[in-house]
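K.L.:
Dropping in target_33.tsv, with TSV, C-alpha atoms.
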chain	number	residue	atom	x	y	z
A	1	MET	CA	237.14	108.05	26.46
A	2	THR	CA	233.82	108.42	24.72
A	3	GLY	CA	231.82	106.16	22.47
A	4	LYS	CA	230.64	106.37	18.88
A	5	GLY	CA	228.02	109.06	19.50
A	6	GLY	CA	229.96	110.98	22.15
A	7	ALA	CA	228.46	109.05	25.07
A	8	PRO	CA	230.82	107.44	27.62
A	9	CYS	CA	230.46	103.95	26.15
A	10	MET	CA	232.25	102.03	23.41
A	11	ALA	CA	229.62	99.27	23.17
A	12	CYS	CA	226.76	101.37	21.78
A	13	LYS	CA	226.11	104.29	19.49
A	14	ALA	CA	224.25	106.42	22.03
A	15	THR	CA	224.72	110.17	21.90
A	16	ARG	CA	225.36	112.51	24.83
A	17	SER	CA	221.73	113.65	24.68
A	18	ASP	CA	220.62	109.99	24.78
A	19	ILE	CA	222.42	109.36	28.08
A	20	ASN	CA	220.75	112.41	29.60
A	21	SER	CA	217.25	111.21	28.68
A	22	ILE	CA	215.58	109.41	31.59
A	23	THR	CA	213.27	107.54	29.20
A	24	LYS	CA	216.16	106.22	27.12
A	25	VAL	CA	218.19	105.29	30.20
A	26	VAL	CA	215.26	103.33	31.67
A	27	CYS	CA	214.71	101.51	28.36
A	28	GLY	CA	218.42	100.72	28.11
A	29	PHE	CA	220.84	101.05	25.25
A	30	PRO	CA	221.46	98.26	22.76
A	31	LEU	CA	225.01	96.97	22.52
A	32	ASP	CA	225.24	97.71	18.81
A	33	CYS	CA	228.93	98.46	18.31
A	34	SER	CA	230.99	95.35	17.58
A	35	ILE	CA	234.72	94.74	17.76
A	36	GLU	CA	234.74	94.89	13.95
A	37	ASP	CA	233.17	98.39	14.08
A	38	ILE	CA	235.95	99.58	16.38
A	39	LYS	CA	238.64	97.96	14.22
A	40	GLU	CA	237.15	99.60	11.12
A	41	THR	CA	237.31	103.01	12.83
A	42	ILE	CA	240.99	102.40	13.60
A	43	ARG	CA	241.67	101.31	10.00
A	44	GLN	CA	240.03	104.48	8.67
A	45	LEU	CA	241.87	106.79	11.06
A	46	THR	CA	245.31	105.23	10.57
A	47	SER	CA	245.14	104.67	6.80
A	48	ASP	CA	246.95	107.93	6.06
A	49	GLY	CA	249.85	107.06	8.37
A	50	LYS	CA	248.86	109.44	11.17
A	51	GLU	CA	248.82	108.25	14.73
A	52	LEU	CA	245.40	107.55	16.18
A	53	MET	CA	245.88	109.89	19.14
A	54	SER	CA	246.32	112.93	16.87
A	55	TYR	CA	242.60	112.95	16.03
A	56	ASN	CA	240.09	114.67	18.24
A	57	THR	CA	237.67	112.54	20.24
A	58	LYS	CA	234.67	113.03	17.96
A	59	GLN	CA	236.66	112.10	14.84
A	60	ARG	CA	238.00	108.93	16.39
A	61	CYS	CA	234.65	108.07	18.04
A	62	GLY	CA	236.31	107.56	21.39
A	63	VAL	CA	238.62	104.83	20.08
A	64	THR	CA	242.11	105.11	21.57
A	65	HIS	CA	243.57	101.75	20.58
A	66	GLU	CA	242.71	98.52	18.84
A	67	PRO	CA	240.58	96.17	21.00
A	68	ALA	CA	242.63	93.68	23.02
A	69	SER	CA	240.12	90.93	22.24
A	70	GLY	CA	238.88	89.84	18.86
A	71	ILE	CA	235.69	88.38	20.31
A	72	ASP	CA	232.44	90.28	20.84
A	73	VAL	CA	231.16	89.67	24.36
A	74	PHE	CA	227.76	91.33	24.21
A	75	PRO	CA	225.98	88.81	26.51
A	76	ALA	CA	228.60	89.27	29.24
A	77	ALA	CA	227.95	92.98	29.78
A	78	PRO	CA	224.44	92.69	31.30
A	79	LEU	CA	225.53	89.76	33.47
A	80	HIS	CA	228.58	91.66	34.73
A	81	SER	CA	226.41	94.72	35.40
A	82	TYR	CA	223.84	92.67	37.33
A	83	LEU	CA	226.54	91.16	39.54
A	84	ARG	CA	228.30	94.48	40.22
A	85	ILE	CA	225.02	96.29	40.96
A	86	LEU	CA	223.87	93.43	43.21
A	87	ASP	CA	227.12	93.66	45.16
A	88	TRP	CA	226.72	97.44	45.43
A	89	VAL	CA	223.08	97.19	46.58
A	90	LEU	CA	223.93	94.53	49.17
A	91	ASN	CA	226.76	96.66	50.57
A	92	ILE	CA	224.43	99.64	50.90
A	93	ILE	CA	221.85	97.46	52.66
A	94	TYR	CA	224.53	96.16	55.06
A	95	ARG	CA	225.63	99.71	55.86
A	96	ILE	CA	222.09	100.93	56.44
A	97	ALA	CA	221.35	97.96	58.70
A	98	ALA	CA	224.55	98.60	60.68
A	99	GLY	CA	223.87	102.35	60.84
A	100	LYS	CA	227.25	103.14	59.29
A	101	SER	CA	228.05	105.66	56.59
A	102	LYS	CA	231.53	104.17	56.08
A	103	TRP	CA	232.00	100.45	55.88
A	104	THR	CA	234.66	98.74	57.93
A	105	GLU	CA	235.13	95.01	58.15
A	106	ASP	CA	234.68	94.58	61.87
A	107	GLN	CA	232.64	92.06	63.83
A	108	MET	CA	229.60	94.35	63.94
A	109	GLY	CA	229.69	94.71	60.14
A	110	ARG	CA	229.95	90.94	59.69
A	111	ASP	CA	227.05	90.42	62.11
A	112	TYR	CA	224.77	92.77	60.18
A	113	ARG	CA	225.88	91.23	56.88
A	114	GLY	CA	224.87	87.85	58.29
A	115	LEU	CA	221.51	89.17	59.55
A	116	VAL	CA	220.65	90.79	56.21
A	117	CYS	CA	221.68	87.71	54.20
A	118	LYS	CA	219.65	85.50	56.56
A	119	ARG	CA	216.59	87.74	56.12
A	120	ILE	CA	216.92	87.71	52.32
A	121	HIS	CA	217.27	83.92	52.46
A	122	GLU	CA	214.10	83.63	54.58
A	123	LEU	CA	212.17	85.80	52.11
A	124	THR	CA	213.44	84.43	48.83
A	125	ASN	CA	215.31	81.19	49.48
A	126	LEU	CA	218.29	82.88	47.76
A	127	LEU	CA	221.63	82.65	49.53
A	128	PHE	CA	223.71	85.74	48.73
A	129	ASP	CA	227.26	86.76	49.56
A	130	GLN	CA	228.33	83.54	51.28
A	131	PRO	CA	231.78	82.01	50.75
A	132	GLY	CA	231.72	79.43	47.98
A	133	GLY	CA	234.11	77.11	46.17
A	134	SER	CA	235.38	79.80	43.81
A	135	GLY	CA	234.20	83.20	44.96
A	136	ASN	CA	230.83	83.51	46.64
A	137	THR	CA	227.27	82.29	46.20
A	138	SER	CA	226.03	85.39	44.34
A	139	THR	CA	225.49	84.31	40.71
A	140	GLY	CA	224.07	85.99	37.64
A	141	ASN	CA	220.83	84.00	37.87
A	142	MET	CA	220.39	84.98	41.52
A	143	ALA	CA	221.06	88.62	40.67
A	144	GLY	CA	218.37	88.49	37.97
A	145	ILE	CA	215.88	86.99	40.43
A	146	PHE	CA	216.80	89.57	43.08
A	147	PHE	CA	216.13	92.48	40.72
A	148	HIS	CA	212.88	90.87	39.58
A	149	ILE	CA	211.56	90.70	43.18
A	150	LYS	CA	213.48	93.70	44.55
A	151	ASN	CA	210.45	95.58	45.89
A	152	ARG	CA	209.39	92.67	48.08
A	153	VAL	CA	212.93	92.15	49.38
A	154	LEU	CA	213.70	95.83	49.98
A	155	GLY	CA	210.31	96.44	51.62
A	156	SER	CA	210.93	93.64	54.07
A	157	LEU	CA	214.47	94.81	54.75
A	158	TYR	CA	213.14	98.30	55.44
A	159	ARG	CA	210.86	96.80	58.11
A	160	LEU	CA	213.89	94.96	59.51
A	161	TYR	CA	215.81	98.26	59.58
A	162	GLN	CA	212.91	99.93	61.44
A	163	MET	CA	213.03	97.14	64.04
A	164	PHE	CA	216.78	97.73	64.52
A	165	ILE	CA	216.18	101.47	65.02
A	166	GLU	CA	213.48	100.77	67.62
A	167	MET	CA	215.83	98.41	69.49
A	168	LEU	CA	218.49	101.14	69.81
What does this structure look like when you write it as structure tokens?
P.N.:
Amino acid sequence: MTGKGGAPCMACKATRSDINSITKVVCGFPLDCSIEDIKETIRQLTSDGKELMSYNTKQRCGVTHEPASGIDVFPAAPLHSYLRILDWVLNIIYRIAAGKSKWTEDQMGRDYRGLVCKRIHELTNLLFDQPGGSGNTSTGNMAGIFFHIKNRVLGSLYRLYQMFIEML
């Protein structure tokens, strides 16, 4: 599925050349394609009685079906991205600290997860990836703070990693 401009996204009108531009990727892409835009594309493509799937991807702007929701959720996308990326970054940090290229949930992995989370808590007073009432303690606000101070956190964790290597 591709988006309005041929890029792999339905939420913006970026083109394929846009997503290959480092400058544009760093600046980010505005979420400028609403549910109504997608519905209008469907109305235009199905007005002559043809099925939507019979059009090529560029003609149908990547649209394959009518949106399941009628509500635009633009603010949710950055929050969801922050949380998923935070989870991904933390898992990489846990693996590096444990010296593993493949993650397995064993006692050693849990120990290193605990050590890394404790170190982040000491540095930032943020408590990540701990069991909570409904899910865990990693929230959107904490993810935003983490990415704001990432260099300080990652620099300190690198020193922690060096200490682990020296102990081996």
K.L.:
At what distance in Å, to one decimal, does atom CA of Cys12 of chain A lie from atom CA of Phe29 of chain A?
P.N.:
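Atom-to-atom, atom CA of Phe29 of chain A to atom CA of Cys12 of chain A, that is 6.9 Å.
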K.L.:
From the options A:Val116, A:Ala14, A:Leu45, A:Ile38, which residue's atoms come nearest to Val89 of chain A, counting all atoms listed in the file?
P.N.:
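Looking only at the distances to Val89 of chain A, the closest residue turns out to be A:Val116.
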K.L.:
Record the distance separating atom CA of Ser138 of chain A and atom CA of Asp106 of chain A, expressed in Å with one decimal.
P.N.:
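If I compute the distance from atom CA of Ser138 of chain A to atom CA of Asp106 of chain A, I get 21.6 Å.
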K.L.:
Report as a list in words all protein, DNA and RNA residues lying within 12 Å of Gly114 of chain A, evaluated on only C-alpha atoms, omitting residues in the same chain fewer than 2 positions from it.
P.N.:
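So, after excluding close chain neighbours, the residues are Leu90, Asn91, Ile93, Tyr94, Ala97, Ala98, Gln107, Met108, Gly109, Arg110, Asp111, Tyr112, Val116, Cys117, Lys118, Arg119, Ile120, His121, Leu127, Phe128, Asp129, Gln130 and Pro131 of chain A.
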K.L.:
In Å, how far is it from atom CA of Asp87 of chain A to atom CA of Glu122 of chain A?
P.N.:
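A separation of 18.9 Å between them.
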K.L.:
Name the closest residue to Gly99 of chain A among the candidates A:Leu86, A:Arg113, A:Leu154, A:Thr15; distances are taken between atoms, counting all atoms listed in the file.
P.N.:
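Closest to Gly99 of chain A of all the choices is A:Arg113.
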